[in-house]
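Peer 1: One structure follows; several queries about it will come next.
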Amino acid sequence: MNILFVHQNFPGQFLHVAPELMRRGHRVVALTDAVNQQKTSVPTFRYKHEAKAPDPEATRLARTYTEMTDRATTAARAAATLRERHGFVPDVVFGHLGWGETLFLREVFPEARHLVYAEFYYGTRGRDSTFDPEFQTASLNRAMSVTARKAHLALAMAEADAGMAPTAWQASTFPETFRSKIFVCFDGVDTERLRPDPDAALTLPNGRTLVAGDEVLTFINRNFGPYRGFHIFMRALPEVLRARPNLQVVMIGGDGSSYESPPAEGGTWREKMLKEVGTRLDLRRVHFLGRVPYDSFVAAMQVSRVHAYLTYPFVLSWSTIEAMSCGACIVGSRTPPVEEVIEDGVTGRLVDFFDVRGWSETLIDALARPDDHDWMRAAARAQTIERYDLRSRCLPRIADWVEAGGPV
């Protein structure tokens, strides 16, 4: 078969499945943005996207749709070049629906089966947009803005033959009319590589080396911000540090913006929260590592005694499953994405997202009684192997699904 993957930041969610389909003997090609220079073994074509930013006065609530259809136009023209100049005609096209790239590909490849990675569908109730009253105010204007942002997602799903969502909750965010064609399967984690290691060690920027068995609390985001509960964690931290004098806190993440805007007063979310609680923190024991190589992330999970993970009702972070695979004791927010993978008192601990005191108390308890939580660590790893293992479960299912053209 000829299979085309489309993702502006390829490989993205196709990191494992694209090479697997090559291994199975298919001709696999990727289409991505020219600014994306990630290395991959997959033959890759790049499009140069130079659309002007939409005029807010002209586009008003259609601004997002304009941005997405502009990129869709660029991607479709690049795909047409693939067909006309290089003779590549795919049997299956699999793209991420989030950036509009898939919208017009059926016009270029009408004979293909069209699949989309259905990661998330915006909504005004029960999701991220009005979850946190500290930073989000529910209003008719906000509701109309969020609703307008669905346009390219709805069109992408309408044009697709089938979609794939990594979790059942993420699939449930899509309208009922689309759910019947969404296949649910997590991307998968390498549980052989991501496993408990009693010899694990992580060297900090100050030269200190943490090892498995040390009292270590970890918190990891791509970028620190409210969507992943950075503000709540930071507010809980002073009491945790006071109660646990030997604790070392390892925080991995950047200061850019992933899902939210920077603070209204300017600066970064790290600066904002350090201004709020920094005087109550022993900063000699709080280590901001920035973004780190993957091996350092794995080592952090392996030396972690307790790993805190919070999220709005939004996309589940891969790092949660990776931490479970490494045998970390997870304390997570009681929000739908986390509740799907963590059962309170069985595979981890859950705390109400906004309960700062509850976070402090639960983290202190888990740090103070590691032996009493060992069975939860083991249960979390066992669940990860059973449900989310890359090689034995997820990758074969996803590759079979793509080969079959996306049956549900």
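How things are named: the first chain in the structure tokens is A, the next is B, and so on; residues count from 1 in each chain; ligands count from 1 in the order shown.
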Show me, as JSON, numbers by chain, the residues that have an atom within 10 Å of region 394-406 of chain A when counting only C-alpha atoms, minus same-chain residues fewer than 2 positions from it.
Peer 2: {"A": [1, 2, 3, 16, 17, 18, 19, 20, 21, 24, 26, 91, 92, 93, 94, 112, 113, 114, 115, 116, 160, 161, 162, 163, 164, 166, 181, 182, 183, 184, 185, 186, 187, 188, 189, 386, 387, 388, 389, 390, 391, 392, 408]}
Peer 1: Would you write out, as a tab-separated table, a table of all residues in region 93-205 of chain A that have an atom no more than 12 Å from an atom of region 328-333 of chain A, listing for each the closest atom pair and the distance in Å to one decimal, considering only C-alpha atoms and ordering rows by chain and rising residue number?
Peer 2:
residue	atom	partner	partner_atom	distance
A:Leu194	CA	A:Ala328	CA	10.6
A:Arg195	CA	A:Ala328	CA	9.5
A:Pro196	CA	A:Ala328	CA	8.1
A:Asp197	CA	A:Ala328	CA	10.8
Peer 1: Might you pull out every residue within 12 Å of Arg208 (chain A), with only C-alpha atoms counted and same-chain residues fewer than 6 positions away left off, and present them as a list in words?
Peer 2: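 What passes the distance filter is Ala201, Leu202, Asp214, Gln248, Val250, Arg284, Arg285 and His287 of chain A.
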Peer 1: Counting only C-alpha atoms, which residues of region 121-173 of chain A sit at most 12 Å from some atom of region 252-268 of chain A, and what is each one's closest atom pair with its distance in Å to one decimal, listed by chain and rising residue number, as a Markdown table?
Peer 2:
| residue | atom | partner | partner_atom | distance |
| --- | --- | --- | --- | --- |
| A:Asp128 | CA | A:Tyr259 | CA | 10.0 |
| A:Ser129 | CA | A:Glu260 | CA | 10.3 |
| A:Asp132 | CA | A:Glu260 | CA | 11.8 |
| A:Glu134 | CA | A:Pro263 | CA | 11.7 |
| A:Phe135 | CA | A:Pro263 | CA | 9.2 |
| A:Gln136 | CA | A:Glu260 | CA | 10.6 |
Peer 1: Step one, run DSSP on the backbone; step two, keep only residues of region 5-144 of chain A assigned to strand (DSSP E); then write them as a PyMOL selection string.
Peer 2: chain A and resi 5-6+27-33+44-47+92-96+113-117
Peer 1: Identify which of the residues A:Leu97, A:Met324, A:Ile364, A:Met273 lies closest to Phe230 (chain A), counting only C-alpha atoms when measuring atom-to-atom distances.
Peer 2: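 Closest candidate: A:Met273.
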Peer 1: List the neighbours of Phe45 (chain A) out to 7 Å using only C-alpha atoms; skip same-chain residues closer than 6 positions along the sequence, and give me the result as an NGL selection string.
Peer 2: :A and (30-32)
Peer 1: Excluding Leu289 (chain A) and residues on its chain fewer than 5 positions from it, collect all residues at most 12 Å away from it, counting only C-alpha atoms, and give them as an mmCIF file with N, CA and C atoms, in the first residue's frame.
Peer 2:
data_model
loop_
_atom_site.group_PDB
_atom_site.id
_atom_site.type_symbol
_atom_site.label_atom_id
_atom_site.label_comp_id
_atom_site.auth_asym_id
_atom_site.auth_seq_id
_atom_site.Cartn_x
_atom_site.Cartn_y
_atom_site.Cartn_z
ATOM 1 N N LEU A 202 19.759 10.798 38.439
ATOM 2 C CA LEU A 202 19.522 12.050 37.712
ATOM 3 C C LEU A 202 20.420 13.120 38.305
ATOM 4 N N THR A 203 21.283 13.687 37.482
ATOM 5 C CA THR A 203 22.171 14.745 37.948
ATOM 6 C C THR A 203 21.532 16.104 37.691
ATOM 7 N N LEU A 204 21.452 16.904 38.741
ATOM 8 C CA LEU A 204 20.825 18.222 38.677
ATOM 9 C C LEU A 204 21.825 19.275 38.183
ATOM 10 N N PRO A 205 21.323 20.421 37.736
ATOM 11 C CA PRO A 205 22.226 21.485 37.276
ATOM 12 C C PRO A 205 23.251 21.925 38.322
ATOM 13 N N ASN A 206 22.922 21.791 39.607
ATOM 14 C CA ASN A 206 23.858 22.199 40.658
ATOM 15 C C ASN A 206 24.912 21.141 40.966
ATOM 16 N N THR A 218 8.250 14.969 41.583
ATOM 17 C CA THR A 218 8.404 15.463 40.214
ATOM 18 C C THR A 218 7.116 16.093 39.707
ATOM 19 N N PHE A 219 7.316 17.066 38.827
ATOM 20 C CA PHE A 219 6.206 17.762 38.164
ATOM 21 C C PHE A 219 6.703 18.110 36.769
ATOM 22 N N ILE A 220 5.956 17.691 35.747
ATOM 23 C CA ILE A 220 6.445 17.822 34.376
ATOM 24 C C ILE A 220 5.341 18.345 33.458
ATOM 25 N N ASN A 221 5.646 19.414 32.738
ATOM 26 C CA ASN A 221 4.787 19.959 31.680
ATOM 27 C C ASN A 221 5.671 20.280 30.486
ATOM 28 N N ARG A 222 5.092 20.314 29.303
ATOM 29 C CA ARG A 222 5.856 20.832 28.165
ATOM 30 C C ARG A 222 6.213 22.289 28.415
ATOM 31 N N ASN A 223 5.196 23.052 28.819
ATOM 32 C CA ASN A 223 5.399 24.432 29.266
ATOM 33 C C ASN A 223 4.556 24.638 30.511
ATOM 34 N N PHE A 224 5.103 25.309 31.508
ATOM 35 C CA PHE A 224 4.361 25.533 32.742
ATOM 36 C C PHE A 224 3.201 26.498 32.499
ATOM 37 N N VAL A 249 12.554 18.692 44.909
ATOM 38 C CA VAL A 249 11.480 18.840 43.918
ATOM 39 C C VAL A 249 12.108 19.075 42.550
ATOM 40 N N VAL A 250 11.759 18.234 41.607
ATOM 41 C CA VAL A 250 12.292 18.324 40.245
ATOM 42 C C VAL A 250 11.165 18.729 39.314
ATOM 43 N N MET A 251 11.336 19.873 38.639
ATOM 44 C CA MET A 251 10.303 20.405 37.752
ATOM 45 C C MET A 251 10.885 20.535 36.348
ATOM 46 N N ILE A 252 10.270 19.836 35.416
ATOM 47 C CA ILE A 252 10.738 19.811 34.029
ATOM 48 C C ILE A 252 9.702 20.490 33.150
ATOM 49 N N GLY A 253 10.135 21.454 32.350
ATOM 50 C CA GLY A 253 9.216 22.142 31.451
ATOM 51 C C GLY A 253 9.764 23.492 31.045
ATOM 52 N N GLY A 254 9.159 24.055 30.004
ATOM 53 C CA GLY A 254 9.608 25.324 29.479
ATOM 54 C C GLY A 254 8.763 26.488 29.947
ATOM 55 N N ASP A 255 9.157 27.679 29.535
ATOM 56 C CA ASP A 255 8.453 28.904 29.894
ATOM 57 C C ASP A 255 7.658 29.486 28.730
ATOM 58 N N SER A 296 16.860 12.002 30.229
ATOM 59 C CA SER A 296 16.796 12.679 31.526
ATOM 60 C C SER A 296 15.381 12.657 32.086
ATOM 61 N N PHE A 297 14.391 12.796 31.190
ATOM 62 C CA PHE A 297 12.995 12.679 31.616
ATOM 63 C C PHE A 297 12.734 11.295 32.207
ATOM 64 N N ALA A 300 14.254 10.950 35.565
ATOM 65 C CA ALA A 300 13.468 11.674 36.565
ATOM 66 C C ALA A 300 12.282 10.841 37.031
#
Peer 1: If you run DSSP on the backbone here, which positions in region 200-255 of chain A get alpha helix (DSSP H)? Please write them as a list in words.
Peer 2: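 Those residues are Phe230, His231, Ile232, Phe233, Met234, Arg235, Ala236, Leu237, Pro238, Glu239, Val240, Leu241, Arg242 and Ala243 of chain A.
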Peer 1: Restrict the selected residues to N, CA and C atoms and save them as a PDB file, in the first residue's frame.
Peer 2:
ATOM      1  N   PHE A 230      -0.120  24.177  37.011  1.00  0.00           N
ATOM      2  CA  PHE A 230       1.119  24.677  37.579  1.00  0.00           C
ATOM      3  C   PHE A 230       0.858  25.613  38.754  1.00  0.00           C
ATOM      4  N   HIS A 231      -0.165  26.458  38.644  1.00  0.00           N
ATOM      5  CA  HIS A 231      -0.462  27.400  39.723  1.00  0.00           C
ATOM      6  C   HIS A 231      -0.919  26.691  40.988  1.00  0.00           C
ATOM      7  N   ILE A 232      -1.691  25.625  40.833  1.00  0.00           N
ATOM      8  CA  ILE A 232      -2.167  24.873  41.996  1.00  0.00           C
ATOM      9  C   ILE A 232      -1.001  24.145  42.665  1.00  0.00           C
ATOM     10  N   PHE A 233      -0.173  23.504  41.869  1.00  0.00           N
ATOM     11  CA  PHE A 233       0.971  22.782  42.420  1.00  0.00           C
ATOM     12  C   PHE A 233       1.905  23.727  43.176  1.00  0.00           C
ATOM     13  N   MET A 234       2.178  24.872  42.602  1.00  0.00           N
ATOM     14  CA  MET A 234       3.087  25.819  43.248  1.00  0.00           C
ATOM     15  C   MET A 234       2.510  26.324  44.573  1.00  0.00           C
ATOM     16  N   ARG A 235       1.207  26.490  44.640  1.00  0.00           N
ATOM     17  CA  ARG A 235       0.580  26.944  45.886  1.00  0.00           C
ATOM     18  C   ARG A 235       0.594  25.852  46.957  1.00  0.00           C
ATOM     19  N   ALA A 236       0.588  24.599  46.526  1.00  0.00           N
ATOM     20  CA  ALA A 236       0.635  23.484  47.482  1.00  0.00           C
ATOM     21  C   ALA A 236       2.053  23.232  47.978  1.00  0.00           C
ATOM     22  N   LEU A 237       3.038  23.649  47.216  1.00  0.00           N
ATOM     23  CA  LEU A 237       4.427  23.271  47.463  1.00  0.00           C
ATOM     24  C   LEU A 237       5.014  23.806  48.774  1.00  0.00           C
ATOM     25  N   PRO A 238       4.756  25.042  49.207  1.00  0.00           N
ATOM     26  CA  PRO A 238       5.379  25.508  50.462  1.00  0.00           C
ATOM     27  C   PRO A 238       5.116  24.595  51.649  1.00  0.00           C
ATOM     28  N   GLU A 239       3.881  24.132  51.802  1.00  0.00           N
ATOM     29  CA  GLU A 239       3.546  23.267  52.927  1.00  0.00           C
ATOM     30  C   GLU A 239       4.221  21.910  52.792  1.00  0.00           C
ATOM     31  N   VAL A 240       4.321  21.417  51.557  1.00  0.00           N
ATOM     32  CA  VAL A 240       4.980  20.128  51.332  1.00  0.00           C
ATOM     33  C   VAL A 240       6.461  20.218  51.703  1.00  0.00           C
ATOM     34  N   LEU A 241       7.122  21.265  51.274  1.00  0.00           N
ATOM     35  CA  LEU A 241       8.540  21.442  51.597  1.00  0.00           C
ATOM     36  C   LEU A 241       8.753  21.628  53.101  1.00  0.00           C
ATOM     37  N   ARG A 242       7.821  22.339  53.746  1.00  0.00           N
ATOM     38  CA  ARG A 242       7.945  22.538  55.190  1.00  0.00           C
ATOM     39  C   ARG A 242       7.842  21.215  55.938  1.00  0.00           C
ATOM     40  N   ALA A 243       6.911  20.352  55.496  1.00  0.00           N
ATOM     41  CA  ALA A 243       6.687  19.079  56.181  1.00  0.00           C
ATOM     42  C   ALA A 243       7.741  18.032  55.861  1.00  0.00           C
TER      43      ALA A 243
END
Peer 1: I'd like the contact shell of region 33-42 of chain A - 6 Å cut-off, only C-alpha atoms, skipping same-chain residues fewer than 6 positions apart - returned as a VMD selection string.
Peer 2: chain A and resid 8 to 9 48
Peer 1: Convert the current residue selection to file output with N, CA and C atoms, as a PDB file, in the first residue's frame.
Peer 2:
ATOM      1  N   GLN A   8       1.917  18.844  10.634  1.00  0.00           N
ATOM      2  CA  GLN A   8       2.800  20.008  10.531  1.00  0.00           C
ATOM      3  C   GLN A   8       4.056  19.870  11.385  1.00  0.00           C
ATOM      4  N   ASN A   9       4.024  18.966  12.379  1.00  0.00           N
ATOM      5  CA  ASN A   9       5.194  18.733  13.227  1.00  0.00           C
ATOM      6  C   ASN A   9       5.561  17.248  13.217  1.00  0.00           C
ATOM      7  N   LYS A  48       5.972  24.866   2.183  1.00  0.00           N
ATOM      8  CA  LYS A  48       6.330  26.176   2.727  1.00  0.00           C
ATOM      9  C   LYS A  48       5.052  26.981   2.903  1.00  0.00           C
TER      10      LYS A  48
END
Peer 1: What is the distance between CA of His96 (chain A) and CA of Tyr117 (chain A), in Å to one decimal?
Peer 2: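 Straight-line distance from CA of His96 (chain A) to CA of Tyr117 (chain A) works out to 4.6 Å.
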Peer 1: Mind giving me the straight-line distance from CA of Arg125 (chain A) to CA of Arg357 (chain A) in Å, one decimal?
Peer 2: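 Atom-to-atom, CA of Arg125 (chain A) and CA of Arg357 (chain A) are spaced 26.5 Å apart.
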Peer 1: What is the distance, in Å and to one decimal place, between CA of Trp99 (chain A) and CA of Phe5 (chain A)?
Peer 2: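 Value for the CA of Trp99 (chain A)-CA of Phe5 (chain A) distance: 13.7 Å.
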Peer 1: As a list in words, please: the residues near Tyr121 (chain A) (cut-off 8 Å, only C-alpha atoms, same-chain neighbours under 2 positions excluded).
Peer 2: Ala118, Glu119, Gly123, Lys150, Leu153, Gln170, Thr173 and Phe174 of chain A
